[in-house]
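Dropping target-v6.cif in here (mmCIF, C-alpha atoms):
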data_upload
#
loop_
_atom_site.label_atom_id
_atom_site.label_comp_id
_atom_site.auth_asym_id
_atom_site.auth_seq_id
_atom_site.Cartn_x
_atom_site.Cartn_y
_atom_site.Cartn_z
CA MET A 1 3.16 27.24 54.72
CA GLY A 2 -0.09 25.37 54.57
CA GLU A 3 -1.89 27.84 56.86
CA THR A 4 -4.99 27.95 54.65
CA THR A 5 -7.25 25.74 56.63
CA PRO A 6 -10.99 25.62 55.93
CA GLU A 7 -11.56 27.80 59.03
CA ALA A 8 -8.96 30.44 58.10
CA GLU A 9 -10.84 31.98 55.18
CA PRO A 10 -14.05 32.94 57.04
CA ARG A 11 -11.95 34.27 59.93
CA LYS A 12 -9.95 36.42 57.53
CA LEU A 13 -13.14 37.72 55.97
CA ALA A 14 -14.57 38.55 59.39
CA GLU A 15 -11.40 40.39 60.38
CA GLU A 16 -11.44 42.36 57.17
CA ALA A 17 -15.10 43.28 57.65
CA ARG A 18 -14.32 44.46 61.17
CA ASP A 19 -11.39 46.59 59.94
CA ARG A 20 -13.54 48.08 57.21
CA VAL A 21 -16.35 48.97 59.61
CA ARG A 22 -13.83 50.57 61.97
CA PHE A 23 -12.35 52.57 59.11
CA GLU A 24 -15.79 53.75 57.96
CA GLU A 25 -16.77 54.80 61.47
CA GLU A 26 -13.55 56.72 62.01
CA ALA A 27 -13.93 58.44 58.63
CA LEU A 28 -17.53 59.41 59.41
CA ASP A 29 -16.49 60.77 62.82
CA LEU A 30 -14.17 63.16 60.97
CA ALA A 31 -16.81 64.32 58.48
CA ASP A 32 -17.61 67.56 60.34
CA GLN A 33 -13.95 68.58 60.34
CA VAL A 34 -13.43 67.57 56.72
CA TYR A 35 -16.54 69.51 55.69
CA ARG A 36 -15.35 72.73 57.36
CA VAL A 37 -12.24 72.63 55.20
CA ALA A 38 -14.10 71.47 52.07
CA ARG A 39 -16.65 74.25 52.38
CA ARG A 40 -13.96 76.93 52.08
CA LEU A 41 -12.12 75.23 49.24
CA VAL A 42 -15.16 75.62 46.97
CA SER A 43 -17.59 78.46 46.40
CA SER A 44 -20.96 76.98 47.29
CA ARG A 45 -22.52 74.68 49.82
CA GLU A 46 -23.82 72.47 47.01
CA GLU A 47 -20.31 72.03 45.62
CA ALA A 48 -19.00 71.20 49.08
CA GLU A 49 -21.71 68.59 49.61
CA ASP A 50 -21.03 66.97 46.21
CA LEU A 51 -17.33 66.93 46.90
CA MET A 52 -17.85 65.35 50.31
CA GLN A 53 -20.01 62.60 48.85
CA GLU A 54 -17.52 61.86 46.07
CA THR A 55 -14.69 61.86 48.61
CA TYR A 56 -16.40 59.47 51.01
CA ALA A 57 -17.55 57.17 48.21
CA ARG A 58 -13.95 56.94 46.99
CA ALA A 59 -12.53 56.58 50.51
CA PHE A 60 -14.92 53.73 51.35
CA ARG A 61 -13.91 51.95 48.13
CA ALA A 62 -10.18 52.51 48.69
CA TRP A 63 -10.09 51.92 52.45
CA ARG A 64 -7.41 49.23 52.13
CA SER A 65 -4.90 51.81 50.90
CA TYR A 66 -5.17 53.75 54.18
CA THR A 67 -2.46 52.81 56.69
CA PRO A 68 -4.04 52.53 60.17
CA GLY A 69 -2.42 54.83 62.70
CA THR A 70 -1.60 57.53 60.15
CA ASN A 71 -3.49 60.82 59.81
CA LEU A 72 -6.91 59.82 58.47
CA ARG A 73 -8.16 63.41 58.20
CA ALA A 74 -5.18 64.27 55.99
CA TRP A 75 -5.78 61.11 53.95
CA LEU A 76 -9.43 62.09 53.36
CA LEU A 77 -8.49 65.65 52.47
CA ARG A 78 -5.92 64.44 50.00
CA ILE A 79 -8.67 62.55 48.18
CA LEU A 80 -10.92 65.59 48.41
CA THR A 81 -8.38 68.10 47.08
CA ASN A 82 -7.45 65.74 44.22
CA LEU A 83 -11.11 65.39 43.27
CA ASN A 84 -11.52 69.13 43.45
CA ILE A 85 -8.58 69.63 41.09
CA ASP A 86 -9.86 66.87 38.79
CA ARG A 87 -13.07 68.81 38.40
CA GLY A 88 -11.14 71.23 36.27
CA ARG A 89 -11.14 73.99 38.80
CA ARG A 90 -7.55 74.78 37.88
CA GLN A 91 -8.72 76.00 34.47
CA GLN A 92 -10.07 79.07 36.21
CA ARG A 93 -6.68 79.79 37.66
CA THR A 94 -5.65 83.40 37.43
CA PRO A 95 -2.28 84.61 38.60
CA ASP A 96 -2.40 87.21 41.34
CA LEU A 97 0.02 89.91 40.34
CA ARG A 98 -0.76 92.52 42.95
CA PRO A 99 2.32 94.00 44.56
CA MET A 100 2.63 92.99 48.21
CA GLU A 101 5.60 95.08 49.25
CA GLU A 102 3.83 96.51 52.27
CA GLY A 103 4.23 93.23 54.05
CA ASP A 104 2.32 91.48 56.75
CA TYR A 105 1.08 94.60 58.50
CA PHE A 106 -0.92 95.88 55.52
CA LEU A 107 -4.34 95.59 57.14
CA TYR A 108 -3.12 96.92 60.46
CA ASN A 109 -1.60 99.96 58.75
CA ARG A 110 -4.78 100.64 56.73
CA LEU A 111 -6.92 100.52 59.85
CA GLU A 112 -4.50 102.77 61.67
CA GLU A 113 -4.53 105.27 58.78
CA ALA A 114 -8.34 105.18 58.83
CA GLY A 115 -8.09 106.77 62.25
CA ASP A 116 -9.12 103.96 64.53
CA SER A 117 -6.65 103.76 67.34
CA ASP A 118 -8.23 100.59 68.67
CA GLU A 119 -6.78 98.28 66.04
CA GLU A 120 -7.09 95.17 68.15
CA ARG A 121 -10.88 95.19 67.92
CA VAL A 122 -10.89 93.40 64.60
CA ASP A 123 -14.43 92.12 64.95
CA GLU A 124 -15.81 95.64 65.24
CA ARG A 125 -14.24 96.63 61.95
CA LEU A 126 -15.05 93.52 59.95
CA SER A 127 -18.19 91.44 59.54
CA GLN A 128 -18.53 87.72 59.02
CA ASP A 129 -19.49 88.40 55.38
CA ASP A 130 -16.29 90.45 54.96
CA ALA A 131 -14.23 87.48 56.09
CA VAL A 132 -16.08 84.96 53.90
CA GLY A 133 -15.93 87.29 50.87
CA ALA A 134 -12.26 88.11 51.39
CA LEU A 135 -11.27 84.47 51.72
CA SER A 136 -13.20 83.43 48.62
CA ALA A 137 -11.46 86.23 46.69
CA VAL A 138 -8.05 84.66 47.38
CA PRO A 139 -6.97 82.70 44.25
CA HIS A 140 -7.33 78.92 44.59
CA ASP A 141 -3.68 77.93 44.83
CA PHE A 142 -3.14 80.26 47.76
CA ARG A 143 -6.52 79.63 49.33
CA ASP A 144 -6.04 75.84 49.41
CA VAL A 145 -2.96 76.24 51.60
CA LEU A 146 -4.52 78.98 53.72
CA VAL A 147 -7.61 76.89 54.42
CA LEU A 148 -5.65 73.73 55.24
CA VAL A 149 -3.23 75.45 57.62
CA ASP A 150 -5.35 78.21 59.19
CA LEU A 151 -8.72 76.50 59.31
CA GLY A 152 -7.76 72.85 59.17
CA ASP A 153 -4.84 73.19 61.59
CA PHE A 154 -2.59 71.12 59.38
CA SER A 155 1.16 71.49 59.67
CA TYR A 156 3.13 72.77 56.68
CA ALA A 157 4.32 69.18 56.13
CA ASP A 158 0.78 67.76 56.16
CA ALA A 159 -0.46 70.47 53.79
CA ALA A 160 2.46 69.69 51.45
CA GLN A 161 1.51 66.03 51.45
CA ILE A 162 -2.20 66.68 50.96
CA LEU A 163 -1.61 69.00 48.00
CA ASP A 164 1.39 67.05 46.69
CA ILE A 165 3.59 70.13 46.54
CA PRO A 166 6.96 70.86 48.18
CA ILE A 167 6.92 72.27 51.71
CA GLY A 168 8.69 75.41 50.47
CA THR A 169 5.78 76.01 48.09
CA VAL A 170 3.33 75.62 50.98
CA MET A 171 5.21 78.27 52.93
CA SER A 172 5.46 80.72 50.05
CA ARG A 173 1.78 80.28 49.07
CA LEU A 174 0.73 80.66 52.69
CA HIS A 175 2.75 83.82 53.03
CA ARG A 176 1.34 85.35 49.88
CA GLY A 177 -2.17 84.01 50.54
CA ARG A 178 -2.28 85.74 53.92
CA ARG A 179 -1.15 89.00 52.38
CA ILE A 180 -3.80 88.75 49.66
CA LEU A 181 -6.40 88.00 52.33
CA LYS A 182 -5.36 91.12 54.25
CA HIS A 183 -5.65 93.25 51.11
CA GLU A 184 -9.13 91.85 50.52
CA LEU A 185 -10.11 92.51 54.14
CA ALA A 186 -8.70 96.03 53.94
CA GLU A 187 -10.84 96.75 50.88
CA ARG A 188 -13.89 95.71 52.85
CA ALA A 189 -12.94 97.39 56.11
CA VAL A 190 -11.77 100.79 54.90
CA GLY A 191 -12.45 100.82 51.15
CA SER A 192 -8.74 100.79 50.44
CA GLU A 193 -7.51 100.97 46.90
CA ALA A 194 -5.50 97.81 47.66
CA MET B 195 25.41 94.28 49.37
CA ALA B 196 23.89 95.26 52.69
CA LEU B 197 26.19 93.13 54.81
CA SER B 198 27.49 96.03 56.83
CA PHE B 199 24.05 97.32 57.84
CA GLU B 200 22.67 96.65 61.28
CA PRO B 201 19.58 94.46 60.77
CA ASP B 202 16.30 96.18 61.62
CA PRO B 203 14.92 94.19 64.59
CA CYS B 204 11.31 95.16 63.79
CA ALA B 205 11.69 93.99 60.20
CA LYS B 206 13.15 90.75 61.50
CA CYS B 207 10.25 90.45 63.94
CA GLU B 208 7.75 90.90 61.10
CA GLU B 209 9.57 88.21 59.15
CA LEU B 210 9.31 85.82 62.11
CA LEU B 211 5.76 86.75 63.02
CA GLN B 212 3.76 84.39 60.79
CA PRO B 213 5.94 81.31 61.43
CA TYR B 214 5.88 82.24 65.13
CA LEU B 215 2.09 82.22 65.07
CA ASP B 216 2.26 78.88 63.23
CA ARG B 217 4.68 77.56 65.87
CA ASP B 218 7.11 76.86 63.07
CA LEU B 219 10.27 78.52 64.36
CA SER B 220 13.43 76.95 65.67
CA ASP B 221 13.96 77.36 69.42
CA ALA B 222 16.56 80.06 68.80
CA GLU B 223 14.26 82.03 66.48
CA ARG B 224 11.35 81.68 68.88
CA VAL B 225 13.42 83.08 71.73
CA GLN B 226 14.56 85.93 69.46
CA ALA B 227 10.95 86.75 68.49
CA GLU B 228 9.67 86.57 72.08
CA LYS B 229 12.48 88.72 73.39
CA HIS B 230 11.77 91.35 70.77
CA LEU B 231 8.02 91.25 71.44
CA ASP B 232 8.67 91.74 75.15
CA ASP B 233 10.79 94.79 74.48
CA CYS B 234 9.01 96.47 71.56
CA SER B 235 5.53 97.95 71.94
CA TYR B 236 5.29 98.65 68.16
CA CYS B 237 5.68 94.96 67.31
CA ARG B 238 3.68 93.78 70.32
CA LYS B 239 0.67 95.79 69.19
CA ARG B 240 0.91 94.35 65.69
CA TYR B 241 1.40 90.86 67.04
CA LYS B 242 -1.78 91.15 69.12
CA PHE B 243 -3.61 92.38 66.04
CA GLU B 244 -2.44 89.36 64.02
CA VAL B 245 -3.54 86.96 66.75
CA GLU B 246 -6.93 88.64 66.92
CA LEU B 247 -7.27 88.69 63.12
CA ARG B 248 -6.57 84.98 62.80
CA ARG B 249 -9.02 84.19 65.57
CA PHE B 250 -11.67 86.37 63.93
CA VAL B 251 -11.26 84.97 60.39
CA ARG B 252 -11.17 81.41 61.63
CA LYS B 253 -14.40 81.85 63.55
CA ALA B 254 -16.14 83.92 60.88
CA VAL B 255 -15.63 81.55 57.97
CA VAL B 256 -16.64 78.32 59.70
CA GLU B 257 -19.76 76.76 58.30
CA GLU B 258 -21.00 73.61 59.95
CA MET B 259 -21.93 70.54 57.98
CA PRO B 260 -25.65 70.25 57.17
CA PRO B 261 -27.09 67.47 59.38
CA ASP B 262 -28.51 65.48 56.48
CA LEU B 263 -25.12 65.27 54.75
CA LYS B 264 -23.79 62.96 57.44
CA GLN B 265 -26.65 60.58 56.76
CA LYS B 266 -25.90 60.71 53.04
CA LEU B 267 -22.26 59.90 53.72
CA ALA B 268 -23.18 57.04 56.04
CA ALA B 269 -25.40 55.62 53.29
CA LEU B 270 -22.27 55.29 51.11
CA ARG B 271 -20.82 52.65 53.44
CA THR B 272 -20.43 49.13 52.11
CA PRO B 273 -23.44 47.11 53.31
CA LEU B 274 -22.64 44.30 55.71
CA LEU B 275 -23.40 40.90 54.24
#
Turn this file's structure into structure tokens for me.
Amino acid sequence: MGETTPEAEPRKLAEEARDRVRFEEEALDLADQVYRVARRLVSSREEAEDLMQETYARAFRAWRSYTPGTNLRAWLLRILTNLNIDRGRRQQRTPDLRPMEEGDYFLYNRLEEAGDSDEERVDERLSQDDAVGALSAVPHDFRDVLVLVDLGDFSYADAAQILDIPIGTVMSRLHRGRRILKHELAERAVGSEA
Amino acid sequence: MALSFEPDPCAKCEELLQPYLDRDLSDAERVQAEKHLDDCSYCRKRYKFEVELRRFVRKAVVEEMPPDLKQKLAALRTPLL
């Protein structure tokens, strides 16, 4: 009651400005990590750069809706993935109907069949381009989860919140996404018919 | 129904492998997976492969942010009055 003194308003403004500057600095400190995820959610560097700029412009405008002390990187990536979806990317969605009965050891088994007994030396059998190409061949819905969890180190719960999908969907997409990735890697490593 | 069949421990291990690597198992499941990996060279070899594969993919697909992008992002900050 009656706390609005003539001095209170400038003090409030100064506090808000300080909070905003702190928010902006923390968000910028995370830009490298956010970019690494963003880069693999889209196909080109240009797209990733545009998406980053749109994300940060929106984040700086909406900074008051961020709750200090919560996961800022997840908050930024939620904005980024929403913007990415808003761009109409989902129109390109194609269901992946390949059978995946062979399970999680598909790539291992293909390499073993190809006669290399030294299966652990993954980096001798696959190049960096193989990995980039294989990941970009994974359909978007699966790749989003794969990138957030495996590259971004987000928990299943964080990935569910970022993508606004149930945690069970995160787990099933991750499971299938990894299998698709292994099929794509197998094609590149041993020319499998997968 | 397959209720009377003895579960295949290697199939169970494969089922637990990805959540194990994600550290997303209950304590009981984690102990079960670790015990099996200790005892089974078939699964241990595949487990090592999966660890190596994740490490490789993670490293291979990383692309660092172009240096000038950070400046562009910083320019989006609200100017101080």
Find the spatial neighbours of His230 of chain B, counting only C-alpha atoms, within a cut-off of 8 Å - ignore same-chain residues fewer than 3 positions away - and output them as a list in words.
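Counting only the stated atoms, we get Pro203, Cys204, Cys207, Gln226, Ala227, Asp233, Cys234 and Cys237 of chain B.
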Restrict the distance test to only C-alpha atoms, flag each residue of chain B within 10 Å of chain A, and return the flagged residues as a PyMOL selection string.
chain B and resi 205+208-209+211-213+216-218+237+239-261+263-275
From the list A:Leu83, A:Arg173, A:Pro68, A:Trp63, the nearest residue to His140 of chain A using all atoms listed in the file is A:Arg173
Go ahead and fit an axis-aligned box to every listed atom of segment 217-236 of chain B plus 4 Å each side, and pass me the centre and edge lengths in Å, one decimal, as lines of an AutoDock Vina configuration file.
center_x = 10.6
center_y = 87.8
center_z = 69.1
size_x = 19.9
size_y = 29.8
size_z = 20.1
Atom-to-atom span, atom CA of Arg224 of chain B and atom CA of Ile180 of chain A, Å
25.5 Å
Kindly give the distance, in Å, that separates atom CA of Gly191 of chain A and atom CA of Arg176 of chain A, rounded to a single decimal.
20.8 Å
For a test of reading the model, state the distance in Å between atom CA of Asp232 of chain B and atom CA of Leu215 of chain B, rounded to one decimal.
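Distance between the two atoms: 15.3 Å.
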Have a look at A:Glu15, A:Asn84, A:Ser65, A:Leu77 and name the one nearest to Glu47 of chain A; count only C-alpha atoms.
A:Asn84
